[in-house]
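**Q** Pasting in a structure now, in structure tokens, and then I'll have a few things to ask.
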Amino acid sequence: MRMKKLRELFQRFEPDKKEHPLLHTLYDGLFTFFFVPNTVTTQGAHIRDKVDLKRVMVTVVLALTLCYIFGIWNIGHQHFLAIGQYTGLFEGLHLKFAFGLAKILPIFIVTHLVGLGIEFYYAAKRGHSIEEGFLVTGALIPLIMPPDIPLWILAVGVAFALILGKEAFGGTGMNVWNIALLTRVFIFFSYPAVISGDEVWVAGLEAAKPGAAAQYGWIETHLFNPLFELLGLSTFPDSATVVDTFSGATPLSLAFTGGWDAVTARFSPAELWFGAIPGSVGEVSKPLILAGMAILLITGVASWRIIAGGILGAAITAWLLNLWGATPMMQIPWYYHFYLGSALFAITFMATDPVTASTTPMGKWIYGLLIGFFGIIVRVINPAYPEGWMLAILFMNTFAPLIDHIVIEMKIKRRLSRAKV
Amino acid sequence: MKRVLFSAFFFYSSALYAQSVEEVLPQFHALIAGLTVLFLIFYIGVPQYALYRARGWVGNRKRRYSRPTRILPVRLPDYARGKKVHILRQGHDIVLSGEPQNKLIDRTVRHYAIQPTNFRGIFPIPKLTVQIGDRVKAGDVLYYQRYQPKIQHVSPVSGEIVAINRGRKRSIIEVVIAADEQTEYKPLHPPDWKNSSREELVEFLLQCGAWPLFNQRPYDIIPPINAVPRDIFISTFSTAPLAPDYNMIVNGHGEAFQMGLNVLSRLTSGKVHLGLNANGIFPPAKEYTEASGVEKHWFYGIHPTGNVGVQIHHIAPIRSGDVVWTLTVQQVIQLGKIWTEQKWVADRVIAIAGAGAEETGYVRTKVGANIGELIGEPREKTRYISGDVLSGETKAPHQFLNWQHEMVSCIPEGDYFEPFGWLVPSRVAPSRSRTLANFVFPNKVFDGDTNTHGEKRAFVMSDDYDGLLPMDIPLYHLMKAILVNDYDKMEQLGIKELSEEDVALAEWRCTSKQPLQQILRRGLEMWREQEM
């Protein structure tokens, strides 16, 4: 009953569709977020499956939650490791979370403001309701950015990816490339300094070298500090400098220079697995990614063929490179490749995007295997790029229609040969 | 319990004093695994289970048949052992409440209609031979096709023409007849089915108005009069939700059924194929299993195995240029009765089913019966469907049963709002998606309603239709080929093997709520225009 009153209140504010198309789209998007509308079937099947795109998309977002929580903590943890304070895992928890939040919330908000703004604009222009595609894209983008990314660069990247990568092709369901990765690749090639190298993965430092000062923004000093004081907790330090032993190098860049020995000299395999390492927000903790993978596989939202293909392809390629073993990077045991960088994250959440992936069951296997293959090849052999998954997936996105074409042609041949018998 | 809690407490608190990450890992893993399981339970399981409890739907339906898995070997019922059985492992079983009870309901239907709109390809407007107020006998011509004057449609009952309802552009949509208490039949004089030539038989069938009984695949149209079908296919079971029991339908009409098959065998250049169900608790009726002069094929599977299109695909697929005919069991009986009873007996046993039905069961009536008179007292907020819930047609109580349909499905209208229905479902509905708990409770019974449960979206999920059509046809790609008007590709992908009912299950499943049946029909019509 209460819900009915709420709904009626809501519906009183419905703007006119003809006069204010943008406002109406906004209203419609919000209304259908709160209420599944009362539309009934008109022709064709009279009953419809309970599931809709919103539920499918929100499943992916929920599968990412743990990565978010851990990522937020890890931003703070990496920062405090750099300045040599609260180095224990459980020390200064509130500071680490507060610091992480202060970094990731602006990214999250800017991504959604820009992204949803563009989505709403185009939806209104086309006269249809807002589609849920951005729900997942918007959740993925903050997870693949360095925490200190300048927000204007992020906004430009998101706008570029959405307008040229998605809306130009016709909106959700029509895009050729994964939007989150397109955002990242745009920033990667346009502003390489903010997203690659050893300096960008630890946040809140003046510069990523020993002796540099730690920097805190207005949120930390004027919002969190008084709050923590009030609660009697420790606060962000007034001045702190980066410790002498600090290095912002990610495990991957260590691996590239010195192989597995260089990695283990700084991080134990358990640390790599656990995820208290510098890196993109979402990619660091492997158990959490596996948990997300389990959720996606059990709910059937992600294609198991792509995930299995990706992991298999990466493992086989890495194993073959082990046999070759010409550089220190090639000698990294194949199974440790999954401990490094964003291999698991990319295969689980990026490669399985149903719109940009292959659409035939057989094609999905090929698509997954090749992503695994190219990801490892770029990572190990190409010195220009520290990590291969973004490029591998975008590359395979481009070829997914071709794979489908070949698979479908094979199917047609089989059908024809059967018809002749 | 206490010990478990204590040890859990020690297990986790020891992590706080860990010196390195290695020592935390077991706790971390346990925590993550626990959180994942909890998430799945609360996201998928709990809301749904609570709803099942609240609605008293915890009880499972009695299984009428078994569900084949993708890999495990199937256990055939006794009567099908040792036979060559087509095992179809794909499909889905939508369990709806209100299955037709095994009894006859007494309903007096006084109004019948023949609806030109039930037949594809007879537009523009057929030529009427009757007018309002005329009296007709069962078997008298009502109208004929303008471009194929030999194809006539006849009255199923005797009585008075009370209305000729017209639709857009003065097309005729219904010729309504108020039936007499006692049906008067126009006597027919069928030629000897064994010894007369095919031409004689065809001539007679056209004359007596039996031609519209035949349905031509591809396109689902009345066949042109000079067409010789490669084969004729009859499915003797239906697997659609709430489908009638075909053993009940054939009961007592064995002789007419056999006669119908005899006549059909004269009309085709090939064979008459009978699809038999190898997945029921009861064996198919003797009338089916002991039919002579036909090829019998056993099928084991769930919906859409009973669709004749699926069976054709596995018996002898429609190749480019092929033409086959299909009939329903009742149409075969009707055809047979022309010979056995020498009159036009358009009797039908119609199943009344669904959660919205006053009483479920079977009604003995005739083709084109009035829906309102069939269902009894019409209810508020109920949708009446001629045909099954997946591919039938919505009908108001004053409208009439379609020519080819054998059931009336009654389901609740779903014009309700559901707060956060996509996140925390507060109502249940059948689903095949594993984001809902339905897959854990496969035998749950649902009322089913007409809510779309979400809005129409672009195609996103490419594996939605996988495993819903037991044919070698990639539906997702076929649909896209139709949408971009790619004639060659849609033909190569097998559009001509399909009919709306075959893709209906995939349409039900579609996450993006795409109208697959409509899209398919568009493609079929495009091809039909090409071939005309």
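Following the order of the structure tokens, chains are lettered A, B, ..., residues in each are numbered from 1, and ligands are numbered from 1.
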Quick one: everything within 12 Å of Phe13 (chain A), counting only C-alpha atoms, minus sequence neighbours fewer than 5 positions away in the same chain. Send it as a PDB file with all heavy atoms, in the first residue's frame.
**A**
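To be explicit, this is the file written out as part.pdb:
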ATOM      1  N   LEU A   6       3.742   5.804  -2.853  1.00  0.00           N
ATOM      2  CA  LEU A   6       5.035   6.300  -3.306  1.00  0.00           C
ATOM      3  C   LEU A   6       5.074   6.374  -4.829  1.00  0.00           C
ATOM      4  O   LEU A   6       5.537   7.337  -5.428  1.00  0.00           O
ATOM      5  CB  LEU A   6       6.123   5.356  -2.801  1.00  0.00           C
ATOM      6  CG  LEU A   6       7.553   5.863  -2.884  1.00  0.00           C
ATOM      7  CD1 LEU A   6       7.769   6.975  -1.890  1.00  0.00           C
ATOM      8  CD2 LEU A   6       8.519   4.723  -2.621  1.00  0.00           C
ATOM      9  N   ARG A   7       4.527   5.321  -5.439  1.00  0.00           N
ATOM     10  CA  ARG A   7       4.530   5.262  -6.894  1.00  0.00           C
ATOM     11  C   ARG A   7       3.672   6.380  -7.480  1.00  0.00           C
ATOM     12  O   ARG A   7       4.041   7.034  -8.448  1.00  0.00           O
ATOM     13  CB  ARG A   7       3.997   3.906  -7.352  1.00  0.00           C
ATOM     14  CG  ARG A   7       4.324   3.596  -8.784  1.00  0.00           C
ATOM     15  CD  ARG A   7       3.617   2.363  -9.223  1.00  0.00           C
ATOM     16  NE  ARG A   7       2.209   2.618  -9.423  1.00  0.00           N
ATOM     17  CZ  ARG A   7       1.242   1.858  -8.953  1.00  0.00           C
ATOM     18  NH1 ARG A   7       1.524   0.812  -8.219  1.00  0.00           N
ATOM     19  NH2 ARG A   7      -0.013   2.157  -9.181  1.00  0.00           N
ATOM     20  N   GLU A   8       2.520   6.576  -6.858  1.00  0.00           N
ATOM     21  CA  GLU A   8       1.635   7.615  -7.379  1.00  0.00           C
ATOM     22  C   GLU A   8       2.272   8.999  -7.230  1.00  0.00           C
ATOM     23  O   GLU A   8       2.158   9.847  -8.109  1.00  0.00           O
ATOM     24  CB  GLU A   8       0.283   7.554  -6.672  1.00  0.00           C
ATOM     25  CG  GLU A   8      -0.590   6.478  -7.292  1.00  0.00           C
ATOM     26  CD  GLU A   8      -1.719   6.049  -6.399  1.00  0.00           C
ATOM     27  OE1 GLU A   8      -1.848   6.600  -5.287  1.00  0.00           O
ATOM     28  OE2 GLU A   8      -2.472   5.146  -6.810  1.00  0.00           O
ATOM     29  N   LEU A  23      14.132  15.377 -20.042  1.00  0.00           N
ATOM     30  CA  LEU A  23      13.598  15.227 -18.684  1.00  0.00           C
ATOM     31  C   LEU A  23      12.809  13.933 -18.569  1.00  0.00           C
ATOM     32  O   LEU A  23      12.885  13.226 -17.570  1.00  0.00           O
ATOM     33  CB  LEU A  23      12.700  16.412 -18.341  1.00  0.00           C
ATOM     34  CG  LEU A  23      13.380  17.630 -17.737  1.00  0.00           C
ATOM     35  CD1 LEU A  23      12.351  18.687 -17.400  1.00  0.00           C
ATOM     36  CD2 LEU A  23      14.148  17.232 -16.484  1.00  0.00           C
ATOM     37  N   HIS A  24      12.063  13.634 -19.627  1.00  0.00           N
ATOM     38  CA  HIS A  24      11.249  12.420 -19.576  1.00  0.00           C
ATOM     39  C   HIS A  24      12.127  11.186 -19.534  1.00  0.00           C
ATOM     40  O   HIS A  24      11.848  10.234 -18.807  1.00  0.00           O
ATOM     41  CB  HIS A  24      10.296  12.368 -20.771  1.00  0.00           C
ATOM     42  CG  HIS A  24       9.324  11.237 -20.661  1.00  0.00           C
ATOM     43  ND1 HIS A  24       9.605   9.978 -21.119  1.00  0.00           N
ATOM     44  CD2 HIS A  24       8.091  11.168 -20.094  1.00  0.00           C
ATOM     45  CE1 HIS A  24       8.589   9.185 -20.861  1.00  0.00           C
ATOM     46  NE2 HIS A  24       7.658   9.889 -20.231  1.00  0.00           N
ATOM     47  N   LEU A  26      15.045  11.015 -18.297  1.00  0.00           N
ATOM     48  CA  LEU A  26      15.609  10.999 -16.949  1.00  0.00           C
ATOM     49  C   LEU A  26      14.595  10.421 -15.966  1.00  0.00           C
ATOM     50  O   LEU A  26      14.903   9.544 -15.155  1.00  0.00           O
ATOM     51  CB  LEU A  26      15.948  12.437 -16.559  1.00  0.00           C
ATOM     52  CG  LEU A  26      17.104  12.642 -15.592  1.00  0.00           C
ATOM     53  CD1 LEU A  26      18.380  12.175 -16.233  1.00  0.00           C
ATOM     54  CD2 LEU A  26      17.215  14.115 -15.228  1.00  0.00           C
ATOM     55  N   TYR A  27      13.362  10.901 -16.087  1.00  0.00           N
ATOM     56  CA  TYR A  27      12.293  10.416 -15.222  1.00  0.00           C
ATOM     57  C   TYR A  27      12.084   8.922 -15.435  1.00  0.00           C
ATOM     58  O   TYR A  27      11.998   8.148 -14.487  1.00  0.00           O
ATOM     59  CB  TYR A  27      10.997  11.174 -15.522  1.00  0.00           C
ATOM     60  CG  TYR A  27       9.768  10.494 -14.983  1.00  0.00           C
ATOM     61  CD1 TYR A  27       9.377  10.697 -13.658  1.00  0.00           C
ATOM     62  CD2 TYR A  27       9.028   9.644 -15.780  1.00  0.00           C
ATOM     63  CE1 TYR A  27       8.274  10.051 -13.156  1.00  0.00           C
ATOM     64  CE2 TYR A  27       7.922   8.993 -15.285  1.00  0.00           C
ATOM     65  CZ  TYR A  27       7.545   9.191 -13.979  1.00  0.00           C
ATOM     66  OH  TYR A  27       6.458   8.547 -13.479  1.00  0.00           O
ATOM     67  N   ASP A  28      12.048   8.532 -16.707  1.00  0.00           N
ATOM     68  CA  ASP A  28      11.786   7.135 -17.044  1.00  0.00           C
ATOM     69  C   ASP A  28      12.888   6.231 -16.500  1.00  0.00           C
ATOM     70  O   ASP A  28      12.618   5.171 -15.928  1.00  0.00           O
ATOM     71  CB  ASP A  28      11.682   7.012 -18.564  1.00  0.00           C
ATOM     72  CG  ASP A  28      11.262   5.632 -18.980  1.00  0.00           C
ATOM     73  OD1 ASP A  28      10.130   5.257 -18.636  1.00  0.00           O
ATOM     74  OD2 ASP A  28      12.060   4.935 -19.623  1.00  0.00           O
ATOM     75  N   LEU A  30      14.791   6.785 -13.971  1.00  0.00           N
ATOM     76  CA  LEU A  30      14.698   6.723 -12.516  1.00  0.00           C
ATOM     77  C   LEU A  30      13.498   5.891 -12.079  1.00  0.00           C
ATOM     78  O   LEU A  30      13.591   5.063 -11.173  1.00  0.00           O
ATOM     79  CB  LEU A  30      14.560   8.158 -11.977  1.00  0.00           C
ATOM     80  CG  LEU A  30      15.153   8.396 -10.600  1.00  0.00           C
ATOM     81  CD1 LEU A  30      16.642   8.098 -10.622  1.00  0.00           C
ATOM     82  CD2 LEU A  30      14.919   9.837 -10.175  1.00  0.00           C
ATOM     83  N   PHE A  31      12.382   6.094 -12.766  1.00  0.00           N
ATOM     84  CA  PHE A  31      11.164   5.379 -12.381  1.00  0.00           C
ATOM     85  C   PHE A  31      11.331   3.876 -12.562  1.00  0.00           C
ATOM     86  O   PHE A  31      10.991   3.096 -11.681  1.00  0.00           O
ATOM     87  CB  PHE A  31       9.975   5.882 -13.209  1.00  0.00           C
ATOM     88  CG  PHE A  31       8.688   5.219 -12.830  1.00  0.00           C
ATOM     89  CD1 PHE A  31       8.000   5.622 -11.696  1.00  0.00           C
ATOM     90  CD2 PHE A  31       8.169   4.186 -13.585  1.00  0.00           C
ATOM     91  CE1 PHE A  31       6.821   5.001 -11.330  1.00  0.00           C
ATOM     92  CE2 PHE A  31       6.994   3.567 -13.221  1.00  0.00           C
ATOM     93  CZ  PHE A  31       6.315   3.977 -12.092  1.00  0.00           C
TER      94      PHE A  31
END
**Q** Under the rule of at most 8 Å, produce a per-residue listing of chain A near chain B: chain, number, name, the closest pair of atoms, and the distance in Å, as a tab-separated table, using only C-alpha atoms.
**A**
residue	atom	partner	partner_atom	distance
A:Met3	CA	B:Pro419	CA	7.4
A:Phe33	CA	B:Phe420	CA	6.8
A:Phe34	CA	B:Phe420	CA	5.2
A:Phe35	CA	B:Pro419	CA	4.2
A:Val36	CA	B:Glu418	CA	4.9
A:Pro37	CA	B:Phe417	CA	5.2
A:Asn38	CA	B:Asp415	CA	4.5
A:Thr39	CA	B:Asn451	CA	5.9
A:Val40	CA	B:Asn451	CA	4.3
A:Thr41	CA	B:Thr450	CA	5.6
A:Gln43	CA	B:Glu393	CA	7.3
A:Gly44	CA	B:Ser391	CA	5.6
A:Ala45	CA	B:Leu390	CA	4.1
A:His46	CA	B:Val389	CA	5.4
A:Ile47	CA	B:Thr450	CA	5.0
A:Arg48	CA	B:Trp508	CA	4.6
A:Asp49	CA	B:Ser431	CA	4.7
A:Lys50	CA	B:Ser431	CA	5.3
A:Val51	CA	B:Thr511	CA	6.1
A:Asp52	CA	B:Thr511	CA	4.8
A:Leu53	CA	B:Thr511	CA	5.7
A:Lys54	CA	B:Trp422	CA	6.2
A:Arg55	CA	B:Trp422	CA	5.0
A:Val56	CA	B:Thr435	CA	7.1
A:Val58	CA	B:Leu423	CA	7.7
A:Thr59	CA	B:Thr435	CA	7.5
A:Gly88	CA	B:Gln19	CA	7.9
A:Phe90	CA	B:Leu16	CA	6.7
A:Glu131	CA	B:Arg457	CA	6.8
A:Thr172	CA	B:Ala458	CA	6.7
A:Gly173	CA	B:Val460	CA	5.1
A:Met174	CA	B:Ala458	CA	7.9
A:Ala270	CA	B:Glu22	CA	5.6
A:Glu271	CA	B:Val21	CA	5.9
A:Phe274	CA	B:Leu25	CA	7.0
A:Pro287	CA	B:His29	CA	6.8
A:Leu288	CA	B:Ile32	CA	6.8
A:Ala291	CA	B:Thr36	CA	6.2
A:Gly292	CA	B:Thr36	CA	8.0
A:Ile295	CA	B:Leu40	CA	7.2
A:Ile298	CA	B:Arg434	CA	7.0
A:Thr299	CA	B:Arg434	CA	4.5
A:Gly300	CA	B:Arg434	CA	5.8
A:Val301	CA	B:Thr435	CA	7.6
A:Ser303	CA	B:Asp463	CA	7.9
A:Pro354	CA	B:Met461	CA	5.7
A:Val355	CA	B:Val460	CA	5.5
A:Thr359	CA	B:Ser462	CA	5.3
A:Thr360	CA	B:Ser462	CA	7.6
A:Pro361	CA	B:Asp463	CA	7.8
A:Ile412	CA	B:Gln492	CA	5.9
A:Arg415	CA	B:Asp472	CA	7.7
A:Leu416	CA	B:Gln492	CA	7.8
A:Ala419	CA	B:Arg319	CA	6.0
**Q** State, in Å with one decimal place, the distance from CA of Lys496 (chain B) to CA of Arg217 (chain B).
**A**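 Straight-line distance from CA of Lys496 (chain B) to CA of Arg217 (chain B) works out to 7.5 Å.
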**Q** Write down as a ChimeraX atom specification the residues belonging to region 32-152 of chain B that are assigned strand (DSSP E) by DSSP computed on the backbone.
**A** /B:85-87,104-105,111-114,127-128,135-136,141-144,152
**Q** One decimal, in Å: what's the spacing between CA of Ala113 (chain B) and CA of Asn262 (chain B)?
**A**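 That distance, rounded to one decimal, is 29.1 Å.
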**Q** Point out the residue among A:Leu113, A:Ala314, A:Ala213, A:Leu290 with the least atom-to-atom distance to Val156 (chain A), counting only C-alpha atoms.
**A**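 Ranking A:Leu113, A:Ala314, A:Ala213, A:Leu290 by distance to Val156 (chain A), first place goes to A:Leu113.
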**Q** Which residue, B:Ala210, B:Val408, B:Val345, B:Leu524, has the smallest gap to Gly376 (chain B) when you use only C-alpha atoms?
**A**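 Among B:Ala210, B:Val408, B:Val345, B:Leu524, it is B:Val408 that comes nearest to Gly376 (chain B).
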**Q** Measuring atom to atom with only C-alpha atoms, identify which of B:Phe42, B:Lys169, B:Asn443, B:Asp245 is nearest to Pro283 (chain B).
**A** B:Asp245
**Q** Which residues are near Phe108 (chain A)? Cut-off 10 Å, only C-alpha atoms, ignore same chain within fewer than 3 positions. Put them as a list in words.
**A** Leu101, Lys103, Ile104, Leu105, Thr111, His112, Leu113, Gly138, Ala139, Leu140, Ile141, Pro142, Leu143 and Leu151 of chain A
**Q** One decimal, in Å: what's the spacing between CA of Lys150 (chain B) and CA of Ala163 (chain B)?
**A**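 CA of Ala163 (chain B) lies at a distance of 24.1 Å from CA of Lys150 (chain B).
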